[in-house]
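Note sheet for the following structure.
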Amino acid sequence: QRRGAISYDSSDQTALYIRMLGDVRVRSRAGFETERRGSHPYIDFRIFHSNSEIEVSVSARNVRRLLSFQRYLRSSRFFRGITVPNSSNILDDDYNGQAKCMLEKVGNWNFDIFLFDRLTNGNSLVSLTFHLFNLHGLIEHFQLDTMKLRRFLVMVQEDYHSQNPYHNAVHAADVTQAMHCYLKEPKLSRSLTPWDVLLSLIAAATHDLDHPGVNQPFLIKTNHYLATLYKNTSVLENHHWRSAVGLLRESGLFAHMSLENRQLMESQIGDLILATDISQQNEYLSMFRSHLDRGDLCLENANHRHFILQMALKCADICNPCRTWELSKQWSEKVTEEFFHQGDIEKKYHLGVSPLCDRQTETIANIQIGFMTYLVEPLFGEWARFSNTRLSQTMLGHLGLNKASWKGVQREQSGSGDDVDPTFEEMDSDILPQEPRLS
């Protein structure tokens with residue numbers, strides 16, 4: 001069984017997550033509550049019952065992680081030692097026909113990640129990301145051990161909480177598929193290096209790793225140890241990044257690289273994941289707009305390419321309103337349910353209900369219209385300026401149609417078509433849900 005812990009060594013400025021075998025418990029010198037990774041949610045509700053001693057049960061999730069990998073070892077011809085002449089055939093032996101057929105169209109914007117997840121028996125993130133590594137030639141280029149790659153992806157998938165309606169492995173797979181679509185865009189595909197593609201896919205797959213299903217303001221007002229650790233700044237994004245680094249190190253996927261390259265990789269993956277902090281949206285958008293106004297983006301410049309990858313991941317992260325109505329509506333319902341679940345907890349413990357989280361006063365339509373108006377439209381408008389392609393126009397087309405559809409729902413509910421939830425207009429960025437991914 002696995003336990004995880006976090007290093008609170010004062011000399012460890014990066015506070016990297018360390019995974020260990022055995023029953024490991026780490027308590028910080030500052031007196032934080034013991035944390036056991038794998039509990040869901042890892043929000044420790046003992047803070048509301050300080051006089052009670054509640055024993056946390058052993059994590060079944062990490063057991064499932066090991067068992068899923070063992071099942072793969074037993075079932076895969078490749079890992080039983082049978083030689084496979086071409087690495088692209090690894091997938092042929094393990095995917096059923098329908099899932100394999102879908103992967104042949106993984107670059108299509110109407111890719112149905114929900115269907116793919118069902119066809120892969122809940123393994124969409126592992127299956128899709130492994131396929132993309134192979135498709136982009138990353139396995140061969142970086143001389144990756146396919147067993148270590150599979151193990152890393154299994155651990156990543158298992159470290160997402162399936163109990164979260166929205167922030168789960170299916171969302172991560174959806175973002176990774178969107179990122180692949182953006183990497184194929186002419187401006188990017190002509191300029192990106194294998195290193196850029198590698199960072200982009202890893203960051204997309206891990207960008208919400210170990211998400212607790214609540215936002216940053218909730219962590220802050222409940223005095224959660226993560227909020228203290230990261231000083232109330234990009235708390236969730238820092239946690240996702242450090243969790244990803246921990247899994248990369250545990251898997252040994254890049255152990256054959258030099259220490260300098262591994263450290264550079266970890267740092268640049270962090271830059272990408274931290275860019276998804278929605279409270280920093282205006283800063284990134286302003287920089288993007290300024291570059292486009294000046295026309296000075298040069299993708300031969302590594303720093304400019306990295307900035308564009310940050311913007312691409314931001315787009316992938318909140319692209320749900322730009323999907324077809326059938327897909328977008330499902331995501332809208334899922335994220336709203338996650339918001340409302342947080343609101344229910346806040347009501348139960350008299351914490352004050354966060355914006356957008358009260359199921360008694362909010363509606364999916366109002367939330368979505370506000371989200372599209374103030375966050376999605378500005379971002380994707382600028383992305384279309386940068387990459388004016390058929391894909392960009394398709395995304396903007398879906399965005400317009402979906403917004404109109406939600407306005408239709410809103411009219412049915414309120415009898416008026418002009419009611420936009422003012423929450424998005426009035427709320428300060430500090431209290432915005434830190435990872436709304438609202439559709």
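Residue numbers start at 1 in each chain; chains themselves are named A, B, ... in the order of the structure tokens; ligands are numbered from 1 in the order shown.
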
Can I get the residues of region 269-384 of chain A within 9 Å of region 173-176 of chain A, each with the closest pair of atoms and their distance in Å to one decimal, using only C-alpha atoms, sorted chain first then ascending number, as a Markdown table?
| residue | atom | partner | partner_atom | distance |
| --- | --- | --- | --- | --- |
| A:Leu313 | CA | A:Val175 | CA | 7.8 |
| A:Cys315 | CA | A:Val175 | CA | 8.9 |
| A:Ala316 | CA | A:Val175 | CA | 5.1 |
| A:Asp317 | CA | A:Val175 | CA | 5.6 |
| A:Ile318 | CA | A:Val175 | CA | 8.3 |
| A:Cys319 | CA | A:Val175 | CA | 8.0 |
| A:Asn320 | CA | A:Asp174 | CA | 8.9 |

Please produce, as JSON lines, a per-residue contact table for region 236-329 of chain A versus region 193-211 of chain A (criterion: any atom at most 12 Å away, only C-alpha atoms considered), showing the nearest atom pair and its distance in Å to one decimal, sorted by chain then residue number.
{"residue": "A:Leu236", "atom": "CA", "partner": "A:His211", "partner_atom": "CA", "distance": 7.2}
{"residue": "A:Glu237", "atom": "CA", "partner": "A:Asp208", "partner_atom": "CA", "distance": 7.2}
{"residue": "A:Asn238", "atom": "CA", "partner": "A:His207", "partner_atom": "CA", "distance": 9.7}
{"residue": "A:His239", "atom": "CA", "partner": "A:Leu209", "partner_atom": "CA", "distance": 7.8}
{"residue": "A:His240", "atom": "CA", "partner": "A:Leu209", "partner_atom": "CA", "distance": 4.7}
{"residue": "A:Trp241", "atom": "CA", "partner": "A:His207", "partner_atom": "CA", "distance": 7.0}
{"residue": "A:Arg242", "atom": "CA", "partner": "A:Leu209", "partner_atom": "CA", "distance": 9.2}
{"residue": "A:Ser243", "atom": "CA", "partner": "A:Leu209", "partner_atom": "CA", "distance": 6.6}
{"residue": "A:Ala244", "atom": "CA", "partner": "A:Thr206", "partner_atom": "CA", "distance": 6.0}
{"residue": "A:Val245", "atom": "CA", "partner": "A:Thr206", "partner_atom": "CA", "distance": 9.5}
{"residue": "A:Gly246", "atom": "CA", "partner": "A:Leu209", "partner_atom": "CA", "distance": 10.9}
{"residue": "A:Leu247", "atom": "CA", "partner": "A:Thr206", "partner_atom": "CA", "distance": 9.8}
{"residue": "A:Leu248", "atom": "CA", "partner": "A:Ile202", "partner_atom": "CA", "distance": 9.7}
{"residue": "A:Leu253", "atom": "CA", "partner": "A:Ile202", "partner_atom": "CA", "distance": 11.7}
{"residue": "A:Phe254", "atom": "CA", "partner": "A:Leu198", "partner_atom": "CA", "distance": 11.6}
{"residue": "A:Asn261", "atom": "CA", "partner": "A:Trp195", "partner_atom": "CA", "distance": 10.4}
{"residue": "A:Arg262", "atom": "CA", "partner": "A:Leu199", "partner_atom": "CA", "distance": 11.3}
{"residue": "A:Leu264", "atom": "CA", "partner": "A:Leu199", "partner_atom": "CA", "distance": 10.4}
{"residue": "A:Met265", "atom": "CA", "partner": "A:Leu199", "partner_atom": "CA", "distance": 7.1}
{"residue": "A:Glu266", "atom": "CA", "partner": "A:Leu199", "partner_atom": "CA", "distance": 8.9}
{"residue": "A:Ser267", "atom": "CA", "partner": "A:Leu199", "partner_atom": "CA", "distance": 10.1}
{"residue": "A:Gln268", "atom": "CA", "partner": "A:Leu199", "partner_atom": "CA", "distance": 7.3}
{"residue": "A:Ile269", "atom": "CA", "partner": "A:Ala203", "partner_atom": "CA", "distance": 5.6}
{"residue": "A:Gly270", "atom": "CA", "partner": "A:Ala203", "partner_atom": "CA", "distance": 7.8}
{"residue": "A:Asp271", "atom": "CA", "partner": "A:Ala203", "partner_atom": "CA", "distance": 9.1}
{"residue": "A:Leu272", "atom": "CA", "partner": "A:Ala203", "partner_atom": "CA", "distance": 6.4}
{"residue": "A:Ile273", "atom": "CA", "partner": "A:His207", "partner_atom": "CA", "distance": 5.3}
{"residue": "A:Leu274", "atom": "CA", "partner": "A:His207", "partner_atom": "CA", "distance": 8.4}
{"residue": "A:Ala275", "atom": "CA", "partner": "A:His207", "partner_atom": "CA", "distance": 9.7}
{"residue": "A:Thr276", "atom": "CA", "partner": "A:His207", "partner_atom": "CA", "distance": 7.8}
{"residue": "A:Asp277", "atom": "CA", "partner": "A:His207", "partner_atom": "CA", "distance": 10.2}
{"residue": "A:Leu299", "atom": "CA", "partner": "A:Thr193", "partner_atom": "CA", "distance": 10.6}
{"residue": "A:Glu300", "atom": "CA", "partner": "A:Thr193", "partner_atom": "CA", "distance": 10.1}
{"residue": "A:Asn301", "atom": "CA", "partner": "A:Thr193", "partner_atom": "CA", "distance": 11.4}
{"residue": "A:Ala302", "atom": "CA", "partner": "A:Asp196", "partner_atom": "CA", "distance": 9.0}
{"residue": "A:Asn303", "atom": "CA", "partner": "A:Asp196", "partner_atom": "CA", "distance": 10.9}
{"residue": "A:His304", "atom": "CA", "partner": "A:Asp196", "partner_atom": "CA", "distance": 11.5}
{"residue": "A:Arg305", "atom": "CA", "partner": "A:Asp196", "partner_atom": "CA", "distance": 8.0}
{"residue": "A:His306", "atom": "CA", "partner": "A:Asp196", "partner_atom": "CA", "distance": 7.6}
{"residue": "A:Phe307", "atom": "CA", "partner": "A:Asp196", "partner_atom": "CA", "distance": 11.0}
{"residue": "A:Ile308", "atom": "CA", "partner": "A:Asp196", "partner_atom": "CA", "distance": 10.5}
{"residue": "A:Leu309", "atom": "CA", "partner": "A:Ser200", "partner_atom": "CA", "distance": 6.9}
{"residue": "A:Gln310", "atom": "CA", "partner": "A:Ser200", "partner_atom": "CA", "distance": 8.6}
{"residue": "A:Met311", "atom": "CA", "partner": "A:Ser200", "partner_atom": "CA", "distance": 11.0}
{"residue": "A:Ala312", "atom": "CA", "partner": "A:Ser200", "partner_atom": "CA", "distance": 8.9}
{"residue": "A:Leu313", "atom": "CA", "partner": "A:Ala204", "partner_atom": "CA", "distance": 6.7}
{"residue": "A:Lys314", "atom": "CA", "partner": "A:Ala204", "partner_atom": "CA", "distance": 9.6}
{"residue": "A:Cys315", "atom": "CA", "partner": "A:Ala204", "partner_atom": "CA", "distance": 10.9}
{"residue": "A:Ala316", "atom": "CA", "partner": "A:Ala204", "partner_atom": "CA", "distance": 8.2}
{"residue": "A:Asp317", "atom": "CA", "partner": "A:Ala204", "partner_atom": "CA", "distance": 8.1}
{"residue": "A:Ile318", "atom": "CA", "partner": "A:Ala204", "partner_atom": "CA", "distance": 11.9}

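Ranking A:Leu138, A:Leu297, A:Cys181, A:Leu149 by their shortest atom-to-atom distance to Asn108 (chain A), with only C-alpha atoms included, puts A:Cys181 first.
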
With distances taken over only C-alpha atoms, the candidate from A:His141, A:Lys407, A:Ser414, A:Val170 nearest Val126 (chain A) is A:Val170

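Coordinates place CA of Arg385 (chain A) at a distance of 12.3 Å from CA of Arg294 (chain A).
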
Nearest to Gly107 (chain A), chosen from A:Leu391, A:Asp344, A:Leu125, A:Leu379, with only C-alpha atoms counted in the distances: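 Under the stated criterion, the closest residue is A:Leu391.
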
Rounded to one decimal, what separation in Å do you get between CA of Val409 (chain A) and CA of Gly397 (chain A)?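 These two atoms are separated by 18.7 Å.
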
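You can rank A:Ser251, A:Asn402, A:Ser387, A:Gln177 by their closest distance to Asn110 (chain A) using only C-alpha atoms, and at the top of that list sits A:Gln177.
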
A:Asn232, A:Ser286, A:Asn388, A:Gln143 ranked by distance to Ala255 (chain A), top pick (using only C-alpha atoms):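 Selected residue with least distance to Ala255 (chain A): A:Gln143.
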
With distances taken over only C-alpha atoms, which residue among A:Leu226, A:Leu396, A:Met372, A:Leu259 lies nearest Pro212 (chain A)?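 Distance minimum relative to Pro212 (chain A) lands on A:Leu226.
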
Name the residues in contact with Trp109 (chain A) at a cut-off of 10 Å, using only C-alpha atoms, excluding same-chain residues fewer than 2 positions from it; report them as an NGL selection string. :A and (105-107 or 111-112 or 177-178 or 180-182 or 322-324 or 391 or 394-395)

Preceding selection exported with N, CA and C atoms as an mmCIF file, in the first residue's frame:
data_model
loop_
_atom_site.group_PDB
_atom_site.id
_atom_site.type_symbol
_atom_site.label_atom_id
_atom_site.label_comp_id
_atom_site.auth_asym_id
_atom_site.auth_seq_id
_atom_site.Cartn_x
_atom_site.Cartn_y
_atom_site.Cartn_z
ATOM 1 N N LYS A 105 -9.271 9.357 -34.877
ATOM 2 C CA LYS A 105 -9.818 10.696 -35.111
ATOM 3 C C LYS A 105 -9.606 11.586 -33.884
ATOM 4 N N VAL A 106 -8.501 11.332 -33.162
ATOM 5 C CA VAL A 106 -8.262 12.046 -31.914
ATOM 6 C C VAL A 106 -8.015 13.534 -32.141
ATOM 7 N N GLY A 107 -7.701 13.929 -33.375
ATOM 8 C CA GLY A 107 -7.477 15.339 -33.671
ATOM 9 C C GLY A 107 -8.721 16.093 -34.087
ATOM 10 N N PHE A 111 -14.457 15.318 -30.946
ATOM 11 C CA PHE A 111 -14.113 14.086 -30.232
ATOM 12 C C PHE A 111 -14.935 13.996 -28.942
ATOM 13 N N ASP A 112 -15.636 12.872 -28.765
ATOM 14 C CA ASP A 112 -16.517 12.682 -27.603
ATOM 15 C C ASP A 112 -15.745 11.957 -26.509
ATOM 16 N N GLN A 177 -6.776 16.233 -24.988
ATOM 17 C CA GLN A 177 -7.200 16.108 -26.389
ATOM 18 C C GLN A 177 -7.304 17.481 -27.052
ATOM 19 N N ALA A 178 -7.818 18.467 -26.324
ATOM 20 C CA ALA A 178 -7.891 19.828 -26.867
ATOM 21 C C ALA A 178 -6.490 20.376 -27.120
ATOM 22 N N HIS A 180 -3.877 18.729 -27.872
ATOM 23 C CA HIS A 180 -3.384 18.081 -29.090
ATOM 24 C C HIS A 180 -3.916 18.794 -30.328
ATOM 25 N N CYS A 181 -5.189 19.178 -30.305
ATOM 26 C CA CYS A 181 -5.766 19.903 -31.447
ATOM 27 C C CYS A 181 -5.035 21.228 -31.680
ATOM 28 N N TYR A 182 -4.690 21.925 -30.592
ATOM 29 C CA TYR A 182 -3.998 23.202 -30.731
ATOM 30 C C TYR A 182 -2.566 23.001 -31.226
ATOM 31 N N CYS A 322 -16.828 25.857 -26.041
ATOM 32 C CA CYS A 322 -16.523 25.897 -27.474
ATOM 33 C C CYS A 322 -16.706 24.537 -28.138
ATOM 34 N N ARG A 323 -17.168 23.560 -27.377
ATOM 35 C CA ARG A 323 -17.476 22.243 -27.938
ATOM 36 C C ARG A 323 -18.916 22.247 -28.462
ATOM 37 N N THR A 324 -19.324 21.142 -29.045
ATOM 38 C CA THR A 324 -20.712 21.015 -29.493
ATOM 39 C C THR A 324 -21.642 21.106 -28.288
ATOM 40 N N LEU A 391 -10.355 25.780 -37.153
ATOM 41 C CA LEU A 391 -10.641 25.353 -35.782
ATOM 42 C C LEU A 391 -11.062 26.528 -34.920
ATOM 43 N N THR A 394 -14.504 27.503 -35.768
ATOM 44 C CA THR A 394 -15.442 26.484 -35.284
ATOM 45 C C THR A 394 -15.705 26.668 -33.801
ATOM 46 N N MET A 395 -14.647 26.912 -33.034
ATOM 47 C CA MET A 395 -14.807 27.108 -31.595
ATOM 48 C C MET A 395 -15.658 28.331 -31.299
#
